[in-house]
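As stored in entry05.csv (CSV, C-alpha atoms):
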```csv
chain,number,residue,atom,x,y,z
A,1073,MET,CA,62.6,40.2,55.6
A,1074,LYS,CA,64.5,42.7,53.5
A,1075,ARG,CA,64.8,42.0,49.8
A,1076,GLU,CA,68.4,41.5,48.6
A,1077,VAL,CA,69.4,43.7,45.7
A,1078,ILE,CA,72.6,43.1,43.7
A,1079,VAL,CA,73.9,46.0,41.6
A,1080,VAL,CA,76.2,44.8,38.9
A,1081,VAL,CA,79.0,46.9,37.4
A,1082,PRO,CA,82.3,46.1,35.7
A,1083,HIS,CA,84.2,48.5,37.9
A,1084,LEU,CA,83.9,52.0,39.4
A,1085,ARG,CA,87.3,53.5,38.5
A,1086,THR,CA,86.5,55.7,35.4
A,1087,LEU,CA,85.0,58.5,37.6
A,1088,GLY,CA,82.4,59.4,35.0
A,1089,GLY,CA,78.6,59.4,34.6
A,1090,GLY,CA,78.3,55.7,35.0
A,1091,GLU,CA,80.0,55.8,38.4
A,1092,PHE,CA,77.9,58.7,39.6
A,1093,VAL,CA,74.6,57.1,38.6
A,1094,THR,CA,75.7,53.8,40.2
A,1095,LEU,CA,76.5,55.6,43.5
A,1096,MET,CA,73.1,57.4,43.4
A,1097,MET,CA,71.4,54.0,42.8
A,1098,LEU,CA,73.1,52.5,45.8
A,1099,LYS,CA,72.2,55.5,48.0
A,1100,CYS,CA,68.5,55.3,46.9
A,1101,LEU,CA,68.3,51.5,47.5
A,1102,LYS,CA,69.9,51.9,51.0
A,1103,ASP,CA,67.6,54.7,51.9
A,1104,TRP,CA,64.6,52.5,50.9
A,1105,GLY,CA,65.7,49.9,53.5
A,1106,LEU,CA,66.8,47.3,51.0
A,1107,HIS,CA,69.8,44.9,51.6
A,1108,VAL,CA,72.2,46.1,48.9
A,1109,LYS,CA,75.4,44.5,47.5
A,1110,LEU,CA,77.7,45.7,44.7
A,1111,ALA,CA,78.9,42.9,42.3
A,1112,ALA,CA,82.0,44.0,40.3
A,1113,LEU,CA,85.0,42.7,38.5
A,1114,GLU,CA,87.2,45.0,40.7
A,1115,ILE,CA,86.7,46.2,44.3
A,1116,PRO,CA,86.1,49.9,44.1
A,1117,SER,CA,88.1,52.5,46.0
A,1118,TRP,CA,85.3,54.1,48.1
A,1119,HIS,CA,87.7,56.8,49.3
A,1120,THR,CA,88.5,57.9,45.7
A,1121,LEU,CA,84.9,57.9,44.8
A,1122,ARG,CA,84.0,60.0,47.8
A,1123,GLU,CA,86.8,62.4,47.2
A,1124,PHE,CA,85.8,62.9,43.5
A,1125,PHE,CA,82.0,62.9,43.7
A,1126,GLY,CA,81.6,64.4,47.2
A,1127,PHE,CA,79.8,61.3,48.4
A,1128,ALA,CA,79.9,57.5,48.2
A,1129,SER,CA,77.2,55.1,49.3
A,1130,GLU,CA,79.5,52.3,50.5
A,1131,VAL,CA,78.0,48.8,50.5
A,1132,ALA,CA,79.3,45.3,50.7
A,1133,CYS,CA,81.1,44.4,47.5
A,1134,VAL,CA,81.2,40.9,45.9
A,1135,ARG,CA,84.1,40.3,43.6
A,1136,LEU,CA,83.1,38.6,40.3
A,1137,HIS,CA,85.8,36.1,39.6
A,1138,CYS,CA,86.9,36.2,36.0
A,1139,LYS,CA,90.3,35.6,34.4
A,1140,LYS,CA,92.0,38.7,32.9
A,1141,ARG,CA,92.3,39.0,29.1
A,1142,LEU,CA,89.3,36.8,28.4
A,1143,PRO,CA,87.3,37.8,25.3
A,1144,ARG,CA,84.5,40.1,26.4
A,1145,HIS,CA,81.7,37.7,25.4
A,1146,VAL,CA,83.4,34.9,27.4
A,1147,ARG,CA,83.8,37.2,30.4
A,1148,ASP,CA,80.2,38.2,30.3
A,1149,LEU,CA,79.1,34.5,30.1
A,1150,VAL,CA,81.2,33.8,33.2
A,1151,VAL,CA,79.6,36.7,35.1
A,1152,ARG,CA,76.2,35.6,34.0
A,1153,SER,CA,76.8,32.1,35.3
A,1154,GLN,CA,78.0,33.5,38.7
A,1155,LEU,CA,75.0,35.7,39.1
A,1156,LYS,CA,72.5,33.0,38.2
A,1157,SER,CA,74.0,30.4,40.6
A,1158,HIS,CA,74.6,32.6,43.6
A,1159,TYR,CA,71.9,35.3,43.5
A,1160,LYS,CA,69.0,33.7,41.8
A,1161,ASP,CA,66.6,35.0,44.5
A,1162,ALA,CA,67.9,38.6,44.5
A,1163,LEU,CA,66.7,41.6,42.5
A,1164,ILE,CA,69.5,42.2,40.0
A,1165,ILE,CA,70.2,45.7,38.6
A,1166,ASN,CA,72.7,46.0,35.9
A,1167,ALA,CA,73.8,49.6,36.4
A,1168,ILE,CA,76.1,49.9,33.4
A,1169,ALA,CA,74.7,47.3,31.0
A,1170,ASN,CA,76.4,48.5,27.9
A,1171,GLU,CA,79.8,47.6,29.5
A,1172,ILE,CA,78.8,44.3,31.0
A,1173,PRO,CA,75.7,43.1,29.1
A,1174,VAL,CA,74.3,40.3,31.3
A,1175,PRO,CA,70.6,39.7,31.9
A,1176,ALA,CA,69.1,41.4,34.9
A,1177,HIS,CA,65.7,42.5,36.2
A,1178,ILE,CA,66.7,46.1,35.4
A,1179,SER,CA,69.3,46.9,32.8
A,1180,TYR,CA,70.5,50.5,32.4
A,1181,ILE,CA,72.2,51.5,29.1
A,1182,HIS,CA,74.4,54.6,29.3
A,1183,ALA,CA,76.3,54.8,26.0
A,1184,LEU,CA,76.9,52.5,23.0
A,1185,HIS,CA,80.5,53.5,22.4
A,1186,PHE,CA,81.2,50.7,19.9
A,1187,ALA,CA,78.6,52.4,17.5
A,1188,ARG,CA,80.2,55.9,17.6
A,1189,PRO,CA,82.5,55.2,14.6
A,1190,LEU,CA,79.4,54.1,12.7
A,1191,LEU,CA,77.7,57.4,13.4
A,1192,ILE,CA,80.8,59.6,12.8
A,1193,ASN,CA,82.0,58.1,9.5
A,1194,PRO,CA,79.9,55.3,8.1
A,1195,ASP,CA,81.5,55.4,4.7
A,1196,ARG,CA,84.9,54.8,6.2
A,1197,LEU,CA,83.5,51.7,8.0
A,1198,ARG,CA,82.2,50.3,4.8
A,1199,VAL,CA,85.6,50.6,3.1
A,1200,PHE,CA,87.6,49.2,6.0
A,1201,GLY,CA,85.2,46.6,7.2
A,1202,GLY,CA,84.3,48.2,10.5
A,1203,TYR,CA,80.9,46.4,10.4
A,1204,VAL,CA,82.7,43.2,11.1
A,1205,LYS,CA,83.5,44.4,14.6
A,1206,ILE,CA,80.2,46.2,15.2
A,1207,VAL,CA,77.8,43.5,14.1
A,1208,PRO,CA,78.9,40.9,16.7
A,1209,ARG,CA,78.8,43.5,19.5
A,1210,GLN,CA,75.3,44.6,18.7
A,1211,LEU,CA,74.0,41.0,18.3
A,1212,TYR,CA,75.6,39.9,21.6
A,1213,LEU,CA,74.1,43.0,23.3
A,1214,ALA,CA,70.7,42.1,21.9
A,1215,LEU,CA,70.9,38.5,23.0
A,1216,SER,CA,72.1,39.4,26.5
A,1217,LEU,CA,69.5,42.1,27.1
A,1218,ARG,CA,66.5,40.3,25.6
A,1219,SER,CA,65.9,38.4,28.8
A,1220,SER,CA,66.1,41.5,31.0
A,1221,LYS,CA,62.7,42.5,32.5
A,1222,ASP,CA,63.2,46.3,32.2
A,1223,ILE,CA,65.6,47.9,29.8
A,1224,LEU,CA,66.3,51.6,30.5
A,1225,ALA,CA,68.3,54.1,28.5
A,1226,VAL,CA,70.0,57.3,29.7
A,1227,SER,CA,68.5,59.4,26.9
A,1228,LYS,CA,66.2,59.4,23.9
A,1229,PHE,CA,69.3,59.4,21.7
A,1230,THR,CA,70.7,56.3,23.3
A,1231,ALA,CA,67.3,54.5,23.2
A,1232,GLU,CA,66.9,55.2,19.5
A,1233,LEU,CA,70.4,54.0,18.7
A,1234,LEU,CA,69.8,50.8,20.8
A,1235,ARG,CA,66.6,50.2,18.8
A,1236,ARG,CA,68.4,50.7,15.5
A,1237,LEU,CA,71.2,48.3,16.4
A,1238,THR,CA,69.3,45.6,18.3
A,1239,GLY,CA,65.6,46.1,17.8
A,1240,LEU,CA,65.2,46.4,21.6
A,1241,LYS,CA,62.9,49.1,23.0
A,1242,ALA,CA,64.0,50.9,26.1
A,1243,ASN,CA,62.3,53.3,28.5
A,1244,ILE,CA,64.0,56.6,29.2
A,1245,MET,CA,65.4,57.3,32.7
A,1246,TYR,CA,67.5,60.4,32.7
A,1247,PRO,CA,70.5,60.2,35.1
A,1248,PRO,CA,70.4,62.2,38.3
A,1249,VAL,CA,72.0,65.6,38.2
A,1250,LYS,CA,73.1,67.5,41.2
A,1251,MET,CA,71.7,71.0,41.1
A,1252,LEU,CA,74.6,73.4,41.9
A,1253,PRO,CA,74.0,76.9,43.4
A,1254,TYR,CA,72.5,79.2,40.8
A,1255,LYS,CA,74.9,82.1,40.1
A,1256,PRO,CA,73.4,84.4,37.5
A,1257,THR,CA,75.9,87.3,38.0
A,1258,ASN,CA,79.7,87.8,37.9
A,1259,LYS,CA,80.2,84.9,35.5
A,1260,GLN,CA,82.9,84.9,32.8
A,1261,GLY,CA,84.9,82.6,30.6
A,1262,VAL,CA,84.3,79.3,29.0
A,1263,VAL,CA,84.6,75.9,30.7
A,1264,THR,CA,84.8,72.5,29.2
A,1265,ILE,CA,84.1,69.6,31.7
A,1266,SER,CA,85.5,66.4,30.4
A,1267,ARG,CA,87.6,63.4,31.2
A,1268,PHE,CA,91.0,63.9,29.5
A,1269,SER,CA,90.5,61.1,27.0
A,1270,ARG,CA,91.0,61.1,23.2
A,1271,GLU,CA,87.5,60.3,22.2
A,1272,LYS,CA,86.3,63.5,24.0
A,1273,GLY,CA,87.6,65.7,21.1
A,1274,LEU,CA,89.3,68.2,23.4
A,1275,ASN,CA,91.6,69.4,20.6
A,1276,GLU,CA,88.5,71.1,19.2
A,1277,VAL,CA,88.5,73.4,22.3
A,1278,LEU,CA,91.9,74.6,21.3
A,1279,LEU,CA,90.8,75.4,17.8
A,1280,ILE,CA,87.8,77.3,19.0
A,1281,ALA,CA,89.9,79.2,21.6
A,1282,GLN,CA,92.2,80.3,18.8
A,1283,ARG,CA,89.2,82.1,17.2
A,1284,VAL,CA,88.0,83.7,20.5
A,1285,PRO,CA,91.3,85.1,21.9
A,1286,ASN,CA,89.5,87.5,24.3
A,1287,ALA,CA,87.9,84.7,26.3
A,1288,LYS,CA,89.5,82.5,28.9
A,1289,PHE,CA,89.0,78.7,28.3
A,1290,ILE,CA,89.3,76.1,31.1
A,1291,ILE,CA,89.2,72.4,30.5
A,1292,ILE,CA,88.5,70.6,33.8
A,1293,GLY,CA,88.2,66.9,34.6
A,1294,SER,CA,89.9,63.7,35.5
A,1295,VAL,CA,92.9,62.3,33.6
A,1296,SER,CA,92.4,58.8,32.1
A,1297,ASP,CA,95.0,59.2,29.3
A,1298,GLN,CA,98.3,60.8,30.4
A,1299,PHE,CA,99.6,60.8,26.8
A,1300,TYR,CA,96.6,62.7,25.5
A,1301,TYR,CA,96.8,65.1,28.4
A,1302,LYS,CA,100.5,65.9,27.6
A,1303,GLU,CA,99.6,66.3,23.9
A,1304,LEU,CA,97.1,69.0,24.8
A,1305,LEU,CA,99.6,70.8,27.0
A,1306,GLN,CA,102.2,70.6,24.2
A,1307,ALA,CA,99.6,72.0,21.7
A,1308,ILE,CA,98.8,74.9,24.0
A,1309,LYS,CA,102.4,75.7,24.3
A,1310,GLU,CA,103.2,75.3,20.6
A,1311,PHE,CA,100.4,77.5,19.4
A,1312,SER,CA,100.9,80.1,22.3
A,1313,LEU,CA,97.3,79.7,23.5
A,1314,ASN,CA,97.6,82.0,26.5
A,1315,ASN,CA,93.8,81.9,27.0
A,1316,VAL,CA,93.6,78.1,27.6
A,1317,TYR,CA,94.1,76.3,30.9
A,1318,LEU,CA,93.9,72.7,31.9
A,1319,LEU,CA,92.8,71.7,35.4
A,1320,ALA,CA,93.3,68.0,36.0
A,1321,ASN,CA,91.8,65.9,38.8
A,1322,PRO,CA,90.4,68.8,40.8
A,1323,PRO,CA,88.7,68.3,44.2
A,1324,ARG,CA,84.9,68.5,44.0
A,1325,HIS,CA,84.7,71.9,45.6
A,1326,VAL,CA,87.1,73.4,43.1
A,1327,TYR,CA,85.2,71.8,40.2
A,1328,GLU,CA,81.9,73.4,41.5
A,1329,GLU,CA,83.5,76.8,41.9
A,1330,VAL,CA,85.0,76.8,38.4
A,1331,VAL,CA,81.7,75.6,36.8
A,1332,GLY,CA,79.6,78.1,38.7
A,1333,ALA,CA,81.8,81.0,37.8
A,1334,SER,CA,81.9,80.3,34.1
A,1335,SER,CA,79.6,82.0,31.7
A,1336,ILE,CA,79.6,79.4,28.9
A,1337,LEU,CA,79.9,75.6,28.9
A,1338,LEU,CA,81.6,74.2,25.7
A,1339,HIS,CA,81.0,70.5,25.1
A,1340,THR,CA,82.8,69.1,22.0
A,1341,THR,CA,82.2,65.3,22.2
A,1342,ARG,CA,80.4,63.9,19.2
A,1343,PHE,CA,77.3,61.7,19.7
A,1344,ASP,CA,77.5,61.8,23.5
A,1345,SER,CA,74.7,60.0,25.3
A,1346,PHE,CA,73.9,62.3,28.1
A,1347,PRO,CA,76.7,64.3,29.7
A,1348,ILE,CA,75.7,65.0,33.3
A,1349,SER,CA,78.2,67.8,33.5
A,1350,VAL,CA,76.4,69.9,30.8
A,1351,VAL,CA,73.2,69.9,33.0
A,1352,GLU,CA,75.2,70.5,36.2
A,1353,ALA,CA,76.7,73.6,34.5
A,1354,MET,CA,73.2,74.7,33.3
A,1355,SER,CA,71.9,74.5,36.9
A,1356,THR,CA,74.3,77.3,37.9
A,1357,GLY,CA,73.1,79.5,34.9
A,1358,THR,CA,76.0,78.6,32.7
A,1359,ILE,CA,75.0,78.6,29.0
A,1360,PRO,CA,75.7,75.4,27.0
A,1361,VAL,CA,77.3,75.5,23.5
A,1362,VAL,CA,77.4,71.8,22.4
A,1363,HIS,CA,78.0,69.8,19.3
A,1364,LYS,CA,74.9,69.3,17.3
A,1365,SER,CA,74.6,65.6,17.9
A,1366,GLY,CA,73.6,63.0,20.4
A,1367,GLY,CA,72.0,63.6,23.8
A,1368,PRO,CA,73.2,67.2,24.3
A,1369,TRP,CA,71.3,68.3,21.3
A,1370,LYS,CA,68.3,65.9,21.3
A,1371,ASP,CA,67.6,65.6,25.0
A,1372,ILE,CA,69.2,68.5,26.9
A,1373,LEU,CA,68.5,71.3,24.4
A,1374,GLY,CA,65.4,69.5,23.1
A,1375,GLU,CA,66.5,70.1,19.5
A,1376,ARG,CA,65.7,73.8,20.0
A,1377,GLN,CA,68.4,76.3,18.9
A,1378,GLY,CA,69.0,79.5,20.9
A,1379,ILE,CA,66.4,78.7,23.6
A,1380,TYR,CA,68.6,77.1,26.4
A,1381,GLY,CA,71.9,77.4,24.6
A,1382,TYR,CA,73.4,76.6,21.2
A,1383,ALA,CA,74.4,73.6,19.1
A,1384,TYR,CA,77.1,73.9,16.5
A,1385,GLU,CA,78.3,71.8,13.6
A,1386,SER,CA,81.6,73.6,12.7
A,1387,ILE,CA,84.5,75.2,14.6
A,1388,ASP,CA,83.7,78.6,13.2
A,1389,GLU,CA,80.0,78.3,14.1
A,1390,ALA,CA,81.0,77.4,17.8
A,1391,ALA,CA,83.3,80.4,17.9
A,1392,ASN,CA,80.6,82.7,16.5
A,1393,TYR,CA,78.1,81.6,19.2
A,1394,ILE,CA,80.6,82.2,21.9
A,1395,ASN,CA,81.6,85.6,20.6
A,1396,GLU,CA,78.0,86.6,20.4
A,1397,LEU,CA,77.3,85.5,24.0
A,1398,ILE,CA,80.4,87.3,25.2
A,1399,SER,CA,79.4,90.6,23.5
A,1400,ASN,CA,75.7,90.6,24.3
A,1401,SER,CA,75.0,90.8,28.0
A,1402,GLY,CA,71.2,90.9,27.5
A,1403,LEU,CA,71.3,87.6,25.6
A,1404,ARG,CA,73.6,86.1,28.2
A,1405,HIS,CA,71.2,87.0,31.0
A,1406,GLU,CA,68.1,85.6,29.1
A,1407,LEU,CA,69.7,82.3,28.1
A,1408,SER,CA,71.3,81.9,31.5
A,1409,GLU,CA,67.9,82.0,33.2
A,1410,LYS,CA,66.4,79.6,30.7
A,1411,ALA,CA,69.3,77.1,31.0
A,1412,TYR,CA,68.9,77.2,34.8
A,1413,LYS,CA,65.1,76.4,34.6
A,1414,ARG,CA,65.7,73.7,31.9
A,1415,ALA,CA,68.3,71.9,34.2
A,1416,ARG,CA,65.5,71.3,36.8
A,1417,LEU,CA,63.9,68.7,34.5
A,1418,PHE,CA,66.9,66.4,35.2
A,1419,SER,CA,67.3,66.8,38.9
A,1420,GLU,CA,68.1,64.1,41.4
A,1421,SER,CA,64.5,64.1,42.7
A,1422,VAL,CA,63.1,63.4,39.3
A,1423,PHE,CA,65.6,60.4,38.9
A,1424,LYS,CA,64.7,59.1,42.4
A,1425,GLU,CA,61.0,59.1,41.6
A,1426,LYS,CA,61.4,57.3,38.3
A,1427,PHE,CA,63.9,54.8,39.8
A,1428,TRP,CA,61.6,53.9,42.7
A,1429,GLU,CA,58.7,53.4,40.4
A,1430,ILE,CA,60.7,50.8,38.5
A,1431,VAL,CA,62.3,49.1,41.5
A,1432,ASN,CA,59.0,49.0,43.4
A,1433,LYS,CA,57.3,47.3,40.5
A,1434,HIS,CA,59.7,44.4,40.8
A,1435,LEU,CA,59.4,44.3,44.6
A,1436,LYS,CA,55.6,44.1,44.5
A,1437,LYS,CA,55.8,41.0,42.4
A,1438,ASP,CA,57.2,39.2,45.4
A,1439,GLY,CA,54.9,40.9,47.9
A,1440,ASN,CA,57.6,43.3,49.2
A,1441,LYS,CA,56.8,46.8,50.2
A,1442,LYS,CA,58.9,49.9,50.7
A,1443,THR,CA,60.2,50.2,54.3
```
Could I get this file's structure written as structure tokens?
Amino acid sequence: MKREVIVVVPHLRTLGGGEFVTLMMLKCLKDWGLHVKLAALEIPSWHTLREFFGFASEVACVRLHCKKRLPRHVRDLVVRSQLKSHYKDALIINAIANEIPVPAHISYIHALHFARPLLINPDRLRVFGGYVKIVPRQLYLALSLRSSKDILAVSKFTAELLRRLTGLKANIMYPPVKMLPYKPTNKQGVVTISRFSREKGLNEVLLIAQRVPNAKFIIIGSVSDQFYYKELLQAIKEFSLNNVYLLANPPRHVYEEVVGASSILLHTTRFDSFPISVVEAMSTGTIPVVHKSGGPWKDILGERQGIYGYAYESIDEAANYINELISNSGLRHELSEKAYKRARLFSESVFKEKFWEIVNKHLKKDGNKKT
């Protein structure tokens, strides 16, 4: 008899890394012959997911019933009760445990967004009492995850932050990255891949573009904040930035074409956990220029400057790196090839191997074998 597996998520509507990893988990579990269900607070739009990501491993979906506007900790307790009463014999995988921290056999932590203000400006938090909000969140996360059998983190950066905030240790399981076609020649321009959302720091792209007027900048991604998207359009117009273009909600094939044709990938988000888009771009030979913080610096570049790309701390430093790459074709060719090779360390096949190792460990406890 097939083992039932319940994959828990809050929803799948953000169209980001969490959604992509969840879809890949579902695909793997189905391919391994397991009986898989998705448990979520909202029924996903499989059509939207398929259109955006290029695939969607559709499975039966169980709606987790919970009243709207409940405090998050109350919502999580309700979800925990439902899972415990209805799926006590199933293997439970919490695919986005930082968003819905309920105990599971396997809990996967993507990003600890509530801690980002603490990292960016700790002095301001001390003055305005930000710790009052952060401490309950980190304590609840610790209590919720402590009974999980396996805690996984998307990057070394996230694992270290989790340990600092909760005392919990997590194993690293890098997310799966689709390796796009390698395009070492005829690449030009700078691309930023990001959801149009205020915390992504996309205004910084405009400031850098002002300092590199001879390069074309494209910001591409889904729109989750219409007001912020319009603000960026207004800023581009106000400052006459004729070298900056926004490409919102593109089909997957357009996204891949733009990324593959770009020479440089600019990533501006501070303390990001592990942006899959950075590695996707690297797989085509696009050179990353990222903020010197979080997973892009610690995990993707391996804290090595000028080997696979560059990490910057100021606007001027980022502009200088981009100008140097634009003007030096030999350097571009060298780093492009190294970025391409580095990306292979984070491929889908590496993820599948690690994920199966963890899943199979739990299946063996009940005498189940891979079919």
Taking only C-alpha atoms into account, which of A:Arg1075, A:Lys1160, A:Arg1085, A:Arg1342 comes nearest Ser1294 in chain A?
->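 Comparing A:Arg1075, A:Lys1160, A:Arg1085, A:Arg1342 against Ser1294 in chain A, the winner is A:Arg1085.
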May I ask for the distance between CA of Phe1186 in chain A and CA of Pro1173 in chain A, given in Å to one decimal place?
-> 13.1 Å
Local residues around (74.5, 64.3, 18.3), at most 12 Å away, using all atoms listed in the file, as a PyMOL selection string = chain A and resi 1188+1191-1192+1227-1230+1232-1233+1339-1347+1362-1375+1383-1385
Quote the spacing between CA of Leu1403 in chain A and CA of Ile1348 in chain A in Å to one decimal place.
->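 Rounded to one decimal, the two atoms are 24.3 Å apart.
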Within 9 Å of range 1107-1113 of chain A, counting all atoms listed in the file, which residues show up once you throw out same-chain ones fewer than 5 positions away? Write them as a list in words, please.
->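 With the cut-off at 9 Å, the set is Lys1074, Arg1075, Glu1076, Val1077, Ile1078, Val1079, Val1080, Val1081, Pro1082, His1083, Leu1084, Leu1098, Leu1101, Lys1102, Glu1130, Val1131, Ala1132, Cys1133, Val1134, Arg1135, Leu1136, His1137, Cys1138, Val1151 and Leu1155 of chain A.
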Restrict the selected residues to C-alpha atoms and save them as a PDB file, in the coordinates of the input.
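Just written: result_9.pdb:
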```pdb
ATOM      1  CA  LYS A1074      64.500  42.700  53.500  1.00  0.00           C
ATOM      2  CA  ARG A1075      64.800  42.000  49.800  1.00  0.00           C
ATOM      3  CA  GLU A1076      68.400  41.500  48.600  1.00  0.00           C
ATOM      4  CA  VAL A1077      69.400  43.700  45.700  1.00  0.00           C
ATOM      5  CA  ILE A1078      72.600  43.100  43.700  1.00  0.00           C
ATOM      6  CA  VAL A1079      73.900  46.000  41.600  1.00  0.00           C
ATOM      7  CA  VAL A1080      76.200  44.800  38.900  1.00  0.00           C
ATOM      8  CA  VAL A1081      79.000  46.900  37.400  1.00  0.00           C
ATOM      9  CA  PRO A1082      82.300  46.100  35.700  1.00  0.00           C
ATOM     10  CA  HIS A1083      84.200  48.500  37.900  1.00  0.00           C
ATOM     11  CA  LEU A1084      83.900  52.000  39.400  1.00  0.00           C
ATOM     12  CA  LEU A1098      73.100  52.500  45.800  1.00  0.00           C
ATOM     13  CA  LEU A1101      68.300  51.500  47.500  1.00  0.00           C
ATOM     14  CA  LYS A1102      69.900  51.900  51.000  1.00  0.00           C
ATOM     15  CA  GLU A1130      79.500  52.300  50.500  1.00  0.00           C
ATOM     16  CA  VAL A1131      78.000  48.800  50.500  1.00  0.00           C
ATOM     17  CA  ALA A1132      79.300  45.300  50.700  1.00  0.00           C
ATOM     18  CA  CYS A1133      81.100  44.400  47.500  1.00  0.00           C
ATOM     19  CA  VAL A1134      81.200  40.900  45.900  1.00  0.00           C
ATOM     20  CA  ARG A1135      84.100  40.300  43.600  1.00  0.00           C
ATOM     21  CA  LEU A1136      83.100  38.600  40.300  1.00  0.00           C
ATOM     22  CA  HIS A1137      85.800  36.100  39.600  1.00  0.00           C
ATOM     23  CA  CYS A1138      86.900  36.200  36.000  1.00  0.00           C
ATOM     24  CA  VAL A1151      79.600  36.700  35.100  1.00  0.00           C
ATOM     25  CA  LEU A1155      75.000  35.700  39.100  1.00  0.00           C
TER      26      LEU A1155
END
```
9 Å contact set for range 1238-1245 of chain A, only C-alpha atoms, chain neighbours under 3 positions out, as a list in words =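 Non-adjacent residues within range: Tyr1180, Ile1181, Gln1210, Leu1211, Leu1213, Ala1214, Leu1215, Leu1217, Arg1218, Asp1222, Ile1223, Leu1224, Ala1225, Val1226, Ser1227, Lys1228, Thr1230, Ala1231, Glu1232, Leu1233, Leu1234, Arg1235, Pro1248, Phe1423, Lys1426 and Phe1427 of chain A.
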For the residues in that selection, give me C-alpha atoms as an mmCIF file, in the frame of the given file.
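And here is the file that came out, result-v6.cif:
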```
data_model
loop_
_atom_site.group_PDB
_atom_site.id
_atom_site.type_symbol
_atom_site.label_atom_id
_atom_site.label_comp_id
_atom_site.auth_asym_id
_atom_site.auth_seq_id
_atom_site.Cartn_x
_atom_site.Cartn_y
_atom_site.Cartn_z
ATOM 1 C CA TYR A 1180 70.500 50.500 32.400
ATOM 2 C CA ILE A 1181 72.200 51.500 29.100
ATOM 3 C CA GLN A 1210 75.300 44.600 18.700
ATOM 4 C CA LEU A 1211 74.000 41.000 18.300
ATOM 5 C CA LEU A 1213 74.100 43.000 23.300
ATOM 6 C CA ALA A 1214 70.700 42.100 21.900
ATOM 7 C CA LEU A 1215 70.900 38.500 23.000
ATOM 8 C CA LEU A 1217 69.500 42.100 27.100
ATOM 9 C CA ARG A 1218 66.500 40.300 25.600
ATOM 10 C CA ASP A 1222 63.200 46.300 32.200
ATOM 11 C CA ILE A 1223 65.600 47.900 29.800
ATOM 12 C CA LEU A 1224 66.300 51.600 30.500
ATOM 13 C CA ALA A 1225 68.300 54.100 28.500
ATOM 14 C CA VAL A 1226 70.000 57.300 29.700
ATOM 15 C CA SER A 1227 68.500 59.400 26.900
ATOM 16 C CA LYS A 1228 66.200 59.400 23.900
ATOM 17 C CA THR A 1230 70.700 56.300 23.300
ATOM 18 C CA ALA A 1231 67.300 54.500 23.200
ATOM 19 C CA GLU A 1232 66.900 55.200 19.500
ATOM 20 C CA LEU A 1233 70.400 54.000 18.700
ATOM 21 C CA LEU A 1234 69.800 50.800 20.800
ATOM 22 C CA ARG A 1235 66.600 50.200 18.800
ATOM 23 C CA PRO A 1248 70.400 62.200 38.300
ATOM 24 C CA PHE A 1423 65.600 60.400 38.900
ATOM 25 C CA LYS A 1426 61.400 57.300 38.300
ATOM 26 C CA PHE A 1427 63.900 54.800 39.800
#
```
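Note that the spacing between CA of Ala1287 in chain A and CA of Val1316 in chain A amounts to 8.8 Å.
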Shortest interatomic distance to Leu1095 in chain A - which of A:Thr1264, A:Val1150, A:Leu1319, A:Leu1121, counting only C-alpha atoms =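 Looking at the shortest contact to Leu1095 in chain A, the residue is A:Leu1121.
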One residue among A:Gly1378, A:Gly1126, A:Gly1357, A:Pro1253 is nearest to Glu1409 in chain A when using all atoms listed in the file, and that residue is A:Gly1357
Looking at A:Val1350, A:Asn1314, A:Arg1270, A:Glu1276, which one is nearest to Tyr1300 in chain A, with distances taken over all atoms listed in the file?
->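 Ranking A:Val1350, A:Asn1314, A:Arg1270, A:Glu1276 by distance to Tyr1300 in chain A, first place goes to A:Arg1270.
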Any idea what's packed within 7 Å of Val1262 in chain A, counting only C-alpha atoms, ignoring anything in its chain fewer than 4 positions away? Could you give it as a list in words?
-> Lys1288, Phe1289, Ile1290, Ser1334, Ser1335, Ile1336, Leu1337 and Leu1338 of chain A
